[in-house]
file run13.cif (mmCIF, N, CA and C atoms)
data_entry
loop_
_atom_site.label_atom_id
_atom_site.label_comp_id
_atom_site.auth_asym_id
_atom_site.auth_seq_id
_atom_site.Cartn_x
_atom_site.Cartn_y
_atom_site.Cartn_z
N GLN V 101 17.06 -49.40 182.96
CA GLN V 101 18.46 -49.29 183.34
C GLN V 101 19.17 -50.60 183.03
N VAL V 102 20.29 -50.49 182.33
CA VAL V 102 21.05 -51.67 181.99
C VAL V 102 21.83 -52.14 183.20
N GLN V 103 21.71 -53.43 183.49
CA GLN V 103 22.40 -53.96 184.66
C GLN V 103 22.84 -55.40 184.42
N LEU V 104 24.07 -55.69 184.84
CA LEU V 104 24.60 -57.06 184.81
C LEU V 104 25.02 -57.39 186.23
N VAL V 105 24.59 -58.54 186.73
CA VAL V 105 24.89 -58.92 188.10
C VAL V 105 25.48 -60.32 188.11
N GLU V 106 26.73 -60.41 188.59
CA GLU V 106 27.40 -61.70 188.68
C GLU V 106 27.12 -62.34 190.04
N SER V 107 27.19 -63.66 190.06
CA SER V 107 27.07 -64.42 191.30
C SER V 107 27.76 -65.76 191.12
N GLY V 108 27.97 -66.47 192.22
CA GLY V 108 28.52 -67.81 192.16
C GLY V 108 29.98 -67.92 192.56
N GLY V 109 30.62 -66.81 192.83
CA GLY V 109 32.02 -66.88 193.25
C GLY V 109 32.14 -67.44 194.66
N GLY V 110 33.39 -67.69 195.06
CA GLY V 110 33.61 -68.20 196.39
C GLY V 110 35.01 -68.76 196.54
N LEU V 111 35.20 -69.50 197.62
CA LEU V 111 36.48 -70.13 197.93
C LEU V 111 36.39 -71.61 197.62
N VAL V 112 37.34 -72.12 196.88
CA VAL V 112 37.35 -73.53 196.50
C VAL V 112 38.78 -74.03 196.50
N GLN V 113 38.94 -75.32 196.76
CA GLN V 113 40.27 -75.91 196.72
C GLN V 113 40.69 -76.19 195.28
N ALA V 114 41.99 -76.24 195.07
CA ALA V 114 42.50 -76.57 193.75
C ALA V 114 41.92 -77.91 193.29
N GLY V 115 41.53 -77.95 192.02
CA GLY V 115 40.89 -79.12 191.47
C GLY V 115 39.38 -79.09 191.54
N GLY V 116 38.84 -78.14 192.27
CA GLY V 116 37.40 -78.04 192.44
C GLY V 116 36.73 -77.29 191.30
N SER V 117 35.43 -77.07 191.47
CA SER V 117 34.63 -76.43 190.42
C SER V 117 33.76 -75.33 191.01
N LEU V 118 33.45 -74.37 190.17
CA LEU V 118 32.49 -73.31 190.48
C LEU V 118 31.72 -72.99 189.21
N ARG V 119 30.51 -72.50 189.40
CA ARG V 119 29.70 -72.05 188.27
C ARG V 119 29.28 -70.61 188.52
N LEU V 120 29.76 -69.72 187.67
CA LEU V 120 29.40 -68.31 187.77
C LEU V 120 28.18 -68.02 186.90
N SER V 121 27.38 -67.09 187.36
CA SER V 121 26.21 -66.64 186.60
C SER V 121 26.28 -65.14 186.41
N CYS V 122 25.74 -64.67 185.31
CA CYS V 122 25.63 -63.24 185.03
C CYS V 122 24.20 -62.99 184.59
N GLN V 123 23.45 -62.34 185.46
CA GLN V 123 22.05 -62.06 185.18
C GLN V 123 21.93 -60.67 184.56
N ALA V 124 21.33 -60.60 183.39
CA ALA V 124 21.15 -59.32 182.70
C ALA V 124 19.74 -58.79 182.92
N SER V 125 19.63 -57.48 183.03
CA SER V 125 18.32 -56.87 183.19
C SER V 125 17.54 -56.93 181.89
N GLY V 126 16.29 -57.29 181.96
CA GLY V 126 15.47 -57.39 180.78
C GLY V 126 16.03 -58.42 179.80
N ASN V 127 15.72 -58.26 178.55
CA ASN V 127 16.23 -59.21 177.55
C ASN V 127 17.10 -58.50 176.52
N ILE V 128 17.69 -57.37 176.94
CA ILE V 128 18.44 -56.56 175.98
C ILE V 128 19.73 -57.22 175.52
N PHE V 129 20.26 -58.16 176.31
CA PHE V 129 21.49 -58.83 175.89
C PHE V 129 21.21 -60.17 175.22
N SER V 130 19.96 -60.50 175.09
CA SER V 130 19.63 -61.76 174.46
C SER V 130 20.18 -61.79 173.05
N ARG V 131 20.93 -62.80 172.74
CA ARG V 131 21.52 -63.00 171.41
C ARG V 131 22.50 -61.87 171.02
N ARG V 132 23.09 -61.23 172.02
CA ARG V 132 24.14 -60.24 171.75
C ARG V 132 25.44 -60.75 172.35
N PRO V 133 26.58 -60.28 171.83
CA PRO V 133 27.86 -60.77 172.36
C PRO V 133 28.01 -60.48 173.85
N MET V 134 28.55 -61.45 174.54
CA MET V 134 28.85 -61.28 175.96
C MET V 134 30.16 -62.01 176.26
N ALA V 135 30.73 -61.70 177.40
CA ALA V 135 32.03 -62.28 177.74
C ALA V 135 32.27 -62.26 179.23
N TRP V 136 33.20 -63.11 179.65
CA TRP V 136 33.72 -63.11 181.02
C TRP V 136 35.16 -62.62 180.99
N TYR V 137 35.47 -61.75 181.93
CA TYR V 137 36.83 -61.26 182.13
C TYR V 137 37.22 -61.56 183.58
N ARG V 138 38.51 -61.47 183.86
CA ARG V 138 38.96 -61.58 185.24
C ARG V 138 40.15 -60.65 185.48
N GLN V 139 40.29 -60.28 186.73
CA GLN V 139 41.41 -59.42 187.12
C GLN V 139 41.97 -59.90 188.45
N ALA V 140 43.20 -60.35 188.39
CA ALA V 140 43.91 -60.78 189.59
C ALA V 140 44.61 -59.57 190.20
N PRO V 141 44.96 -59.65 191.48
CA PRO V 141 45.64 -58.53 192.13
C PRO V 141 46.90 -58.12 191.38
N GLU V 142 47.02 -56.83 191.16
CA GLU V 142 48.19 -56.23 190.50
C GLU V 142 48.39 -56.72 189.08
N LYS V 143 47.34 -57.20 188.45
CA LYS V 143 47.41 -57.62 187.06
C LYS V 143 46.32 -56.93 186.26
N GLN V 144 46.51 -56.89 184.95
CA GLN V 144 45.51 -56.28 184.08
C GLN V 144 44.31 -57.21 183.91
N ARG V 145 43.18 -56.59 183.68
CA ARG V 145 41.98 -57.38 183.40
C ARG V 145 42.19 -58.12 182.08
N GLU V 146 41.78 -59.40 182.05
CA GLU V 146 41.99 -60.20 180.86
C GLU V 146 40.71 -60.93 180.46
N LEU V 147 40.58 -61.17 179.16
CA LEU V 147 39.45 -61.92 178.64
C LEU V 147 39.60 -63.40 178.99
N VAL V 148 38.55 -63.98 179.53
CA VAL V 148 38.54 -65.40 179.87
C VAL V 148 37.81 -66.19 178.79
N ALA V 149 36.62 -65.75 178.43
CA ALA V 149 35.82 -66.46 177.44
C ALA V 149 34.76 -65.52 176.90
N SER V 150 34.36 -65.75 175.65
CA SER V 150 33.32 -64.93 175.04
C SER V 150 32.35 -65.82 174.27
N ILE V 151 31.15 -65.30 174.11
CA ILE V 151 30.13 -66.01 173.36
C ILE V 151 29.43 -65.01 172.46
N SER V 152 29.35 -65.34 171.19
CA SER V 152 28.80 -64.40 170.22
C SER V 152 27.29 -64.53 170.13
N SER V 153 26.71 -63.70 169.29
CA SER V 153 25.26 -63.70 169.13
C SER V 153 24.76 -65.02 168.54
N ASP V 154 25.61 -65.70 167.77
CA ASP V 154 25.19 -66.99 167.18
C ASP V 154 25.58 -68.18 168.05
N GLY V 155 26.17 -67.88 169.24
CA GLY V 155 26.50 -68.95 170.17
C GLY V 155 27.90 -69.50 170.04
N SER V 156 28.67 -68.99 169.10
CA SER V 156 30.04 -69.46 168.99
C SER V 156 30.86 -68.93 170.17
N THR V 157 31.85 -69.72 170.58
CA THR V 157 32.60 -69.40 171.79
C THR V 157 34.09 -69.27 171.52
N ASN V 158 34.75 -68.57 172.43
CA ASN V 158 36.20 -68.38 172.34
C ASN V 158 36.75 -68.37 173.76
N TYR V 159 37.93 -68.96 173.93
CA TYR V 159 38.51 -69.08 175.27
C TYR V 159 39.98 -68.64 175.28
N ALA V 160 40.39 -68.11 176.42
CA ALA V 160 41.81 -67.86 176.63
C ALA V 160 42.51 -69.21 176.70
N ASP V 161 43.75 -69.25 176.23
CA ASP V 161 44.49 -70.51 176.24
C ASP V 161 44.60 -71.10 177.64
N SER V 162 44.70 -70.24 178.62
CA SER V 162 44.91 -70.70 179.99
C SER V 162 43.70 -71.44 180.58
N VAL V 163 42.52 -71.30 179.96
CA VAL V 163 41.33 -71.95 180.52
C VAL V 163 40.71 -72.98 179.56
N LYS V 164 41.26 -73.10 178.37
CA LYS V 164 40.71 -74.06 177.41
C LYS V 164 40.69 -75.46 177.98
N GLY V 165 39.57 -76.14 177.79
CA GLY V 165 39.44 -77.50 178.29
C GLY V 165 39.00 -77.58 179.74
N ARG V 166 39.00 -76.44 180.44
CA ARG V 166 38.59 -76.43 181.85
C ARG V 166 37.33 -75.60 182.08
N PHE V 167 37.19 -74.51 181.34
CA PHE V 167 36.05 -73.59 181.50
C PHE V 167 35.11 -73.73 180.31
N THR V 168 33.83 -73.53 180.58
CA THR V 168 32.82 -73.54 179.53
C THR V 168 31.88 -72.36 179.71
N ILE V 169 31.76 -71.55 178.66
CA ILE V 169 30.83 -70.43 178.67
C ILE V 169 29.54 -70.85 177.98
N SER V 170 28.43 -70.40 178.52
CA SER V 170 27.14 -70.73 177.92
C SER V 170 26.14 -69.64 178.28
N ARG V 171 24.97 -69.71 177.66
CA ARG V 171 23.95 -68.71 177.96
C ARG V 171 22.57 -69.32 177.86
N ASP V 172 21.67 -68.77 178.60
CA ASP V 172 20.26 -69.16 178.55
C ASP V 172 19.50 -67.91 178.18
N ASN V 173 19.23 -67.73 176.90
CA ASN V 173 18.62 -66.49 176.43
C ASN V 173 17.24 -66.22 177.05
N PRO V 174 16.35 -67.20 177.13
CA PRO V 174 15.04 -66.91 177.75
C PRO V 174 15.15 -66.40 179.18
N LYS V 175 16.23 -66.82 179.88
CA LYS V 175 16.42 -66.39 181.27
C LYS V 175 17.40 -65.23 181.39
N ASN V 176 17.86 -64.71 180.22
CA ASN V 176 18.77 -63.56 180.21
C ASN V 176 19.99 -63.78 181.11
N THR V 177 20.52 -64.97 181.06
CA THR V 177 21.62 -65.33 181.95
C THR V 177 22.77 -65.96 181.16
N MET V 178 23.98 -65.59 181.54
CA MET V 178 25.18 -66.19 180.99
C MET V 178 25.90 -66.93 182.12
N PHE V 179 26.57 -68.02 181.77
CA PHE V 179 27.24 -68.85 182.77
C PHE V 179 28.70 -69.05 182.42
N LEU V 180 29.48 -69.37 183.44
CA LEU V 180 30.85 -69.81 183.24
C LEU V 180 31.07 -70.99 184.18
N GLN V 181 31.11 -72.19 183.60
CA GLN V 181 31.41 -73.38 184.38
C GLN V 181 32.92 -73.53 184.44
N MET V 182 33.45 -73.56 185.64
CA MET V 182 34.90 -73.62 185.84
C MET V 182 35.24 -74.91 186.56
N ASN V 183 35.97 -75.77 185.87
CA ASN V 183 36.40 -77.05 186.45
C ASN V 183 37.92 -77.09 186.57
N SER V 184 38.40 -78.03 187.35
CA SER V 184 39.84 -78.21 187.54
C SER V 184 40.52 -76.88 187.87
N LEU V 185 39.94 -76.18 188.81
CA LEU V 185 40.45 -74.84 189.15
C LEU V 185 41.85 -74.90 189.73
N LYS V 186 42.61 -73.86 189.42
CA LYS V 186 43.99 -73.75 189.86
C LYS V 186 44.15 -72.47 190.69
N PRO V 187 45.15 -72.41 191.55
CA PRO V 187 45.36 -71.18 192.32
C PRO V 187 45.51 -69.95 191.43
N GLU V 188 46.08 -70.12 190.26
CA GLU V 188 46.26 -68.99 189.35
C GLU V 188 44.95 -68.50 188.73
N ASP V 189 43.86 -69.21 188.96
CA ASP V 189 42.55 -68.74 188.51
C ASP V 189 41.94 -67.74 189.51
N THR V 190 42.60 -67.55 190.64
CA THR V 190 42.11 -66.60 191.63
C THR V 190 42.06 -65.20 191.06
N ALA V 191 40.88 -64.59 191.13
CA ALA V 191 40.67 -63.26 190.55
C ALA V 191 39.24 -62.81 190.83
N VAL V 192 38.98 -61.55 190.52
CA VAL V 192 37.60 -61.08 190.45
C VAL V 192 37.13 -61.29 189.02
N TYR V 193 36.00 -61.94 188.87
CA TYR V 193 35.46 -62.25 187.56
C TYR V 193 34.31 -61.31 187.24
N TYR V 194 34.37 -60.76 186.02
CA TYR V 194 33.38 -59.79 185.57
C TYR V 194 32.69 -60.27 184.30
N CYS V 195 31.43 -59.96 184.17
CA CYS V 195 30.77 -60.19 182.89
C CYS V 195 30.63 -58.86 182.16
N ARG V 196 30.59 -58.96 180.86
CA ARG V 196 30.54 -57.78 180.00
C ARG V 196 29.59 -58.07 178.87
N GLY V 197 28.78 -57.08 178.52
CA GLY V 197 27.86 -57.23 177.40
C GLY V 197 27.91 -56.02 176.50
N TRP V 198 27.60 -56.22 175.24
CA TRP V 198 27.67 -55.15 174.26
C TRP V 198 26.28 -54.87 173.67
N LEU V 199 25.97 -53.61 173.55
CA LEU V 199 24.78 -53.16 172.84
C LEU V 199 25.25 -52.13 171.82
N GLY V 200 25.45 -52.58 170.60
CA GLY V 200 26.00 -51.70 169.59
C GLY V 200 27.40 -51.26 169.98
N ALA V 201 27.64 -49.97 170.02
CA ALA V 201 28.95 -49.44 170.37
C ALA V 201 29.16 -49.35 171.88
N ALA V 202 28.12 -49.52 172.64
CA ALA V 202 28.23 -49.38 174.09
C ALA V 202 28.47 -50.73 174.74
N ASP V 203 29.25 -50.74 175.83
CA ASP V 203 29.45 -51.97 176.58
C ASP V 203 29.13 -51.73 178.05
N TYR V 204 28.80 -52.80 178.72
CA TYR V 204 28.38 -52.74 180.11
C TYR V 204 29.09 -53.83 180.90
N TRP V 205 29.39 -53.49 182.16
CA TRP V 205 30.10 -54.41 183.04
C TRP V 205 29.29 -54.68 184.30
N GLY V 206 29.45 -55.88 184.83
CA GLY V 206 28.91 -56.18 186.15
C GLY V 206 29.88 -55.70 187.21
N GLN V 207 29.50 -55.92 188.47
CA GLN V 207 30.31 -55.43 189.59
C GLN V 207 31.41 -56.41 189.96
N GLY V 208 31.34 -57.63 189.46
CA GLY V 208 32.37 -58.62 189.71
C GLY V 208 32.03 -59.56 190.86
N THR V 209 32.60 -60.76 190.79
CA THR V 209 32.45 -61.75 191.86
C THR V 209 33.82 -62.39 192.11
N GLN V 210 34.18 -62.51 193.38
CA GLN V 210 35.51 -63.00 193.74
C GLN V 210 35.57 -64.52 193.67
N VAL V 211 36.60 -65.01 193.02
CA VAL V 211 36.90 -66.44 192.99
C VAL V 211 38.28 -66.63 193.61
N THR V 212 38.35 -67.46 194.63
CA THR V 212 39.62 -67.74 195.29
C THR V 212 39.85 -69.24 195.31
N VAL V 213 40.98 -69.65 194.77
CA VAL V 213 41.33 -71.07 194.69
C VAL V 213 42.53 -71.31 195.59
N SER V 214 42.34 -72.14 196.59
CA SER V 214 43.42 -72.44 197.52
C SER V 214 44.20 -73.66 197.08
N SER V 215 45.48 -73.67 197.39
CA SER V 215 46.35 -74.79 196.96
C SER V 215 46.36 -75.89 198.00
#

call {"tool": "encode", "arguments": {"input": "run13.cif", "output": "structure tokens"}}
result
Amino acid sequence: QVQLVESGGGLVQAGGSLRLSCQASGNIFSRRPMAWYRQAPEKQRELVASISSDGSTNYADSVKGRFTISRDNPKNTMFLQMNSLKPEDTAVYYCRGWLGAADYWGQGTQVTVSS
């Protein structure tokens, strides 16, 4: 069964940091494209950062220079290091992985940044 499980969310003050993790079941996502998305209340889900099979990365303009996406293939885990957090970063963060034409989502982890 394909499963993605996020963790690491929480409440942090503006300017603080959090590190999100996305644990994938088995090694099926190893070296496959993965990404982090977020959805704030009453807003559409948006792409935050992605990492391709060759390790190249892409970021939304709003998080460039503050967030870093990475992965540990042997541990089947993807990370999102979030620094200099702002109240507008408050959202539920989801990880997403692709297997061919199919994609899979985690259940999400809440990140709340207080001002």

call {"tool": "residues_near_point", "arguments": {"input": "run13.cif", "point": "(21.2, -59.4, 183.1)", "cutoff": "7 Å", "atoms": "only N, CA and C atoms", "output": "VMD selection string"}}
result
chain V and resid 103 to 105 122 to 126 129 176 to 178

call {"tool": "select_by_dssp", "arguments": {"input": "run13.cif", "residues": "chain V", "states": "strand (DSSP E)", "output": "compact mmCIF listing (two decimals) with N, CA and C atoms, keeping the file's coordinate frame"}}
result
# COMPACT_ATOMS: atom_id res chain seq x y z
N LEU V 104 24.07 -55.69 184.84
CA LEU V 104 24.60 -57.06 184.81
C LEU V 104 25.02 -57.39 186.23
N VAL V 105 24.59 -58.54 186.73
CA VAL V 105 24.89 -58.92 188.10
C VAL V 105 25.48 -60.32 188.11
N GLU V 106 26.73 -60.41 188.59
CA GLU V 106 27.40 -61.70 188.68
C GLU V 106 27.12 -62.34 190.04
N SER V 107 27.19 -63.66 190.06
CA SER V 107 27.07 -64.42 191.30
C SER V 107 27.76 -65.76 191.12
N GLY V 110 33.39 -67.69 195.06
CA GLY V 110 33.61 -68.20 196.39
C GLY V 110 35.01 -68.76 196.54
N LEU V 111 35.20 -69.50 197.62
CA LEU V 111 36.48 -70.13 197.93
C LEU V 111 36.39 -71.61 197.62
N VAL V 112 37.34 -72.12 196.88
CA VAL V 112 37.35 -73.53 196.50
C VAL V 112 38.78 -74.03 196.50
N GLN V 113 38.94 -75.32 196.76
CA GLN V 113 40.27 -75.91 196.72
C GLN V 113 40.69 -76.19 195.28
N LEU V 118 33.45 -74.37 190.17
CA LEU V 118 32.49 -73.31 190.48
C LEU V 118 31.72 -72.99 189.21
N ARG V 119 30.51 -72.50 189.40
CA ARG V 119 29.70 -72.05 188.27
C ARG V 119 29.28 -70.61 188.52
N LEU V 120 29.76 -69.72 187.67
CA LEU V 120 29.40 -68.31 187.77
C LEU V 120 28.18 -68.02 186.90
N SER V 121 27.38 -67.09 187.36
CA SER V 121 26.21 -66.64 186.60
C SER V 121 26.28 -65.14 186.41
N CYS V 122 25.74 -64.67 185.31
CA CYS V 122 25.63 -63.24 185.03
C CYS V 122 24.20 -62.99 184.59
N GLN V 123 23.45 -62.34 185.46
CA GLN V 123 22.05 -62.06 185.18
C GLN V 123 21.93 -60.67 184.56
N ALA V 124 21.33 -60.60 183.39
CA ALA V 124 21.15 -59.32 182.70
C ALA V 124 19.74 -58.79 182.92
N MET V 134 28.55 -61.45 174.54
CA MET V 134 28.85 -61.28 175.96
C MET V 134 30.16 -62.01 176.26
N ALA V 135 30.73 -61.70 177.40
CA ALA V 135 32.03 -62.28 177.74
C ALA V 135 32.27 -62.26 179.23
N TRP V 136 33.20 -63.11 179.65
CA TRP V 136 33.72 -63.11 181.02
C TRP V 136 35.16 -62.62 180.99
N TYR V 137 35.47 -61.75 181.93
CA TYR V 137 36.83 -61.26 182.13
C TYR V 137 37.22 -61.56 183.58
N ARG V 138 38.51 -61.47 183.86
CA ARG V 138 38.96 -61.58 185.24
C ARG V 138 40.15 -60.65 185.48
N GLN V 139 40.29 -60.28 186.73
CA GLN V 139 41.41 -59.42 187.12
C GLN V 139 41.97 -59.90 188.45
N GLU V 146 41.78 -59.40 182.05
CA GLU V 146 41.99 -60.20 180.86
C GLU V 146 40.71 -60.93 180.46
N LEU V 147 40.58 -61.17 179.16
CA LEU V 147 39.45 -61.92 178.64
C LEU V 147 39.60 -63.40 178.99
N VAL V 148 38.55 -63.98 179.53
CA VAL V 148 38.54 -65.40 179.87
C VAL V 148 37.81 -66.19 178.79
N ALA V 149 36.62 -65.75 178.43
CA ALA V 149 35.82 -66.46 177.44
C ALA V 149 34.76 -65.52 176.90
N SER V 150 34.36 -65.75 175.65
CA SER V 150 33.32 -64.93 175.04
C SER V 150 32.35 -65.82 174.27
N ILE V 151 31.15 -65.30 174.11
CA ILE V 151 30.13 -66.01 173.36
C ILE V 151 29.43 -65.01 172.46
N THR V 157 31.85 -69.72 170.58
CA THR V 157 32.60 -69.40 171.79
C THR V 157 34.09 -69.27 171.52
N ASN V 158 34.75 -68.57 172.43
CA ASN V 158 36.20 -68.38 172.34
C ASN V 158 36.75 -68.37 173.76
N TYR V 159 37.93 -68.96 173.93
CA TYR V 159 38.51 -69.08 175.27
C TYR V 159 39.98 -68.64 175.28
N PHE V 167 37.19 -74.51 181.34
CA PHE V 167 36.05 -73.59 181.50
C PHE V 167 35.11 -73.73 180.31
N THR V 168 33.83 -73.53 180.58
CA THR V 168 32.82 -73.54 179.53
C THR V 168 31.88 -72.36 179.71
N ILE V 169 31.76 -71.55 178.66
CA ILE V 169 30.83 -70.43 178.67
C ILE V 169 29.54 -70.85 177.98
N SER V 170 28.43 -70.40 178.52
CA SER V 170 27.14 -70.73 177.92
C SER V 170 26.14 -69.64 178.28
N ARG V 171 24.97 -69.71 177.66
CA ARG V 171 23.95 -68.71 177.96
C ARG V 171 22.57 -69.32 177.86
N ASP V 172 21.67 -68.77 178.60
CA ASP V 172 20.26 -69.16 178.55
C ASP V 172 19.50 -67.91 178.18
N THR V 177 20.52 -64.97 181.06
CA THR V 177 21.62 -65.33 181.95
C THR V 177 22.77 -65.96 181.16
N MET V 178 23.98 -65.59 181.54
CA MET V 178 25.18 -66.19 180.99
C MET V 178 25.90 -66.93 182.12
N PHE V 179 26.57 -68.02 181.77
CA PHE V 179 27.24 -68.85 182.77
C PHE V 179 28.70 -69.05 182.42
N LEU V 180 29.48 -69.37 183.44
CA LEU V 180 30.85 -69.81 183.24
C LEU V 180 31.07 -70.99 184.18
N GLN V 181 31.11 -72.19 183.60
CA GLN V 181 31.41 -73.38 184.38
C GLN V 181 32.92 -73.53 184.44
N MET V 182 33.45 -73.56 185.64
CA MET V 182 34.90 -73.62 185.84
C MET V 182 35.24 -74.91 186.56
N ALA V 191 40.88 -64.59 191.13
CA ALA V 191 40.67 -63.26 190.55
C ALA V 191 39.24 -62.81 190.83
N VAL V 192 38.98 -61.55 190.52
CA VAL V 192 37.60 -61.08 190.45
C VAL V 192 37.13 -61.29 189.02
N TYR V 193 36.00 -61.94 188.87
CA TYR V 193 35.46 -62.25 187.56
C TYR V 193 34.31 -61.31 187.24
N TYR V 194 34.37 -60.76 186.02
CA TYR V 194 33.38 -59.79 185.57
C TYR V 194 32.69 -60.27 184.30
N CYS V 195 31.43 -59.96 184.17
CA CYS V 195 30.77 -60.19 182.89
C CYS V 195 30.63 -58.86 182.16
N ARG V 196 30.59 -58.96 180.86
CA ARG V 196 30.54 -57.78 180.00
C ARG V 196 29.59 -58.07 178.87
N GLY V 197 28.78 -57.08 178.52
CA GLY V 197 27.86 -57.23 177.40
C GLY V 197 27.91 -56.02 176.50
N TRP V 198 27.60 -56.22 175.24
CA TRP V 198 27.67 -55.15 174.26
C TRP V 198 26.28 -54.87 173.67
N LEU V 199 25.97 -53.61 173.55
CA LEU V 199 24.78 -53.16 172.84
C LEU V 199 25.25 -52.13 171.82
N ALA V 202 28.12 -49.52 172.64
CA ALA V 202 28.23 -49.38 174.09
C ALA V 202 28.47 -50.73 174.74
N ASP V 203 29.25 -50.74 175.83
CA ASP V 203 29.45 -51.97 176.58
C ASP V 203 29.13 -51.73 178.05
N TYR V 204 28.80 -52.80 178.72
CA TYR V 204 28.38 -52.74 180.11
C TYR V 204 29.09 -53.83 180.90
N TRP V 205 29.39 -53.49 182.16
CA TRP V 205 30.10 -54.41 183.04
C TRP V 205 29.29 -54.68 184.30
N THR V 209 32.60 -60.76 190.79
CA THR V 209 32.45 -61.75 191.86
C THR V 209 33.82 -62.39 192.11
N GLN V 210 34.18 -62.51 193.38
CA GLN V 210 35.51 -63.00 193.74
C GLN V 210 35.57 -64.52 193.67
N VAL V 211 36.60 -65.01 193.02
CA VAL V 211 36.90 -66.44 192.99
C VAL V 211 38.28 -66.63 193.61
N THR V 212 38.35 -67.46 194.63
CA THR V 212 39.62 -67.74 195.29
C THR V 212 39.85 -69.24 195.31
N VAL V 213 40.98 -69.65 194.77
CA VAL V 213 41.33 -71.07 194.69
C VAL V 213 42.53 -71.31 195.59
N SER V 214 42.34 -72.14 196.59
CA SER V 214 43.42 -72.44 197.52
C SER V 214 44.20 -73.66 197.08

call {"tool": "residues_near_point", "arguments": {"input": "run13.cif", "point": "(29.5, -71.6, 184.9)", "cutoff": "7 Å", "atoms": "only N, CA and C atoms", "output": "tab-separated table (two decimals) with N, CA and C atoms, in the coordinates of the input"}}
result
chain	number	residue	atom	x	y	z
V	118	LEU	N	33.45	-74.37	190.17
V	118	LEU	CA	32.49	-73.31	190.48
V	118	LEU	C	31.72	-72.99	189.21
V	119	ARG	N	30.51	-72.50	189.40
V	119	ARG	CA	29.70	-72.05	188.27
V	119	ARG	C	29.28	-70.61	188.52
V	120	LEU	N	29.76	-69.72	187.67
V	120	LEU	CA	29.40	-68.31	187.77
V	120	LEU	C	28.18	-68.02	186.90
V	121	SER	N	27.38	-67.09	187.36
V	121	SER	CA	26.21	-66.64	186.60
V	121	SER	C	26.28	-65.14	186.41
V	168	THR	N	33.83	-73.53	180.58
V	168	THR	CA	32.82	-73.54	179.53
V	168	THR	C	31.88	-72.36	179.71
V	169	ILE	N	31.76	-71.55	178.66
V	169	ILE	CA	30.83	-70.43	178.67
V	169	ILE	C	29.54	-70.85	177.98
V	170	SER	N	28.43	-70.40	178.52
V	170	SER	CA	27.14	-70.73	177.92
V	170	SER	C	26.14	-69.64	178.28
V	178	MET	N	23.98	-65.59	181.54
V	178	MET	CA	25.18	-66.19	180.99
V	178	MET	C	25.90	-66.93	182.12
V	179	PHE	N	26.57	-68.02	181.77
V	179	PHE	CA	27.24	-68.85	182.77
V	179	PHE	C	28.70	-69.05	182.42
V	180	LEU	N	29.48	-69.37	183.44
V	180	LEU	CA	30.85	-69.81	183.24
V	180	LEU	C	31.07	-70.99	184.18
V	181	GLN	N	31.11	-72.19	183.60
V	181	GLN	CA	31.41	-73.38	184.38
V	181	GLN	C	32.92	-73.53	184.44
V	182	MET	N	33.45	-73.56	185.64
V	182	MET	CA	34.90	-73.62	185.84
V	182	MET	C	35.24	-74.91	186.56

call {"tool": "atom_distance", "arguments": {"input": "run13.cif", "atom1": "CA of Gly197 (chain V)", "atom2": "CA of Ser156 (chain V)"}}
result
15.0 Å

call {"tool": "select_by_dssp", "arguments": {"input": "run13.cif", "residues": "chain V", "states": "helix (DSSP H, G or I)", "output": "number ranges by chain"}}
result
V: 173-175, 187-189

call {"tool": "write_last_selection", "arguments": {"input": "run13.cif", "atoms": "N, CA and C atoms", "output": "PDB file, in the coordinates of the input"}}
result
ATOM      1  N   ASN V 173      19.230 -67.730 176.900  1.00  0.00           N
ATOM      2  CA  ASN V 173      18.620 -66.490 176.430  1.00  0.00           C
ATOM      3  C   ASN V 173      17.240 -66.220 177.050  1.00  0.00           C
ATOM      4  N   PRO V 174      16.350 -67.200 177.130  1.00  0.00           N
ATOM      5  CA  PRO V 174      15.040 -66.910 177.750  1.00  0.00           C
ATOM      6  C   PRO V 174      15.150 -66.400 179.180  1.00  0.00           C
ATOM      7  N   LYS V 175      16.230 -66.820 179.880  1.00  0.00           N
ATOM      8  CA  LYS V 175      16.420 -66.390 181.270  1.00  0.00           C
ATOM      9  C   LYS V 175      17.400 -65.230 181.390  1.00  0.00           C
ATOM     10  N   PRO V 187      45.150 -72.410 191.550  1.00  0.00           N
ATOM     11  CA  PRO V 187      45.360 -71.180 192.320  1.00  0.00           C
ATOM     12  C   PRO V 187      45.510 -69.950 191.430  1.00  0.00           C
ATOM     13  N   GLU V 188      46.080 -70.120 190.260  1.00  0.00           N
ATOM     14  CA  GLU V 188      46.260 -68.990 189.350  1.00  0.00           C
ATOM     15  C   GLU V 188      44.950 -68.500 188.730  1.00  0.00           C
ATOM     16  N   ASP V 189      43.860 -69.210 188.960  1.00  0.00           N
ATOM     17  CA  ASP V 189      42.550 -68.740 188.510  1.00  0.00           C
ATOM     18  C   ASP V 189      41.940 -67.740 189.510  1.00  0.00           C
TER      19      ASP V 189
END

call {"tool": "atom_distance", "arguments": {"input": "run13.cif", "atom1": "CA of Thr212 (chain V)", "atom2": "CA of Thr157 (chain V)"}}
result
24.6 Å

call {"tool": "atom_distance", "arguments": {"input": "run13.cif", "atom1": "CA of Ser214 (chain V)", "atom2": "CA of Gly109 (chain V)"}}
result
13.4 Å

call {"tool": "axis_aligned_box", "arguments": {"input": "run13.cif", "around": "region 105-115 of chain V", "padding_each_side": "3 Å", "output": "AutoDock Vina command-line options"}}
result
--center_x 33.5 --center_y -68.8 --center_z 192.3 --size_x 23.9 --size_y 26.6 --size_z 17.2

call {"tool": "resolve_selection", "arguments": {"input": "run13.cif", "expression": "the PyMOL selection byres (((chain V and resi 147 and name CA) around 7) and name CA)", "output": "ChimeraX atom specification"}}
result
/V:136-138,146,148-149,160

call {"tool": "resolve_selection", "arguments": {"input": "run13.cif", "expression": "the PyMOL selection byres ((chain V and resi 116) around 8)", "output": "MDAnalysis selection string"}}
result
chainID V and resid 112:115 117:118 182:186 213

call {"tool": "closest_residue", "arguments": {"input": "run13.cif", "among": "V:Val163, V:Ser130, V:Trp205, V:Glu188", "to": "Val102 (chain V)", "atoms": "only N, CA and C atoms"}}
result
V:Trp205

call {"tool": "resolve_selection", "arguments": {"input": "run13.cif", "expression": "the PyMOL selection byres ((chain V and resi 131) around 6.5)", "output": "count of residues only"}}
result
9
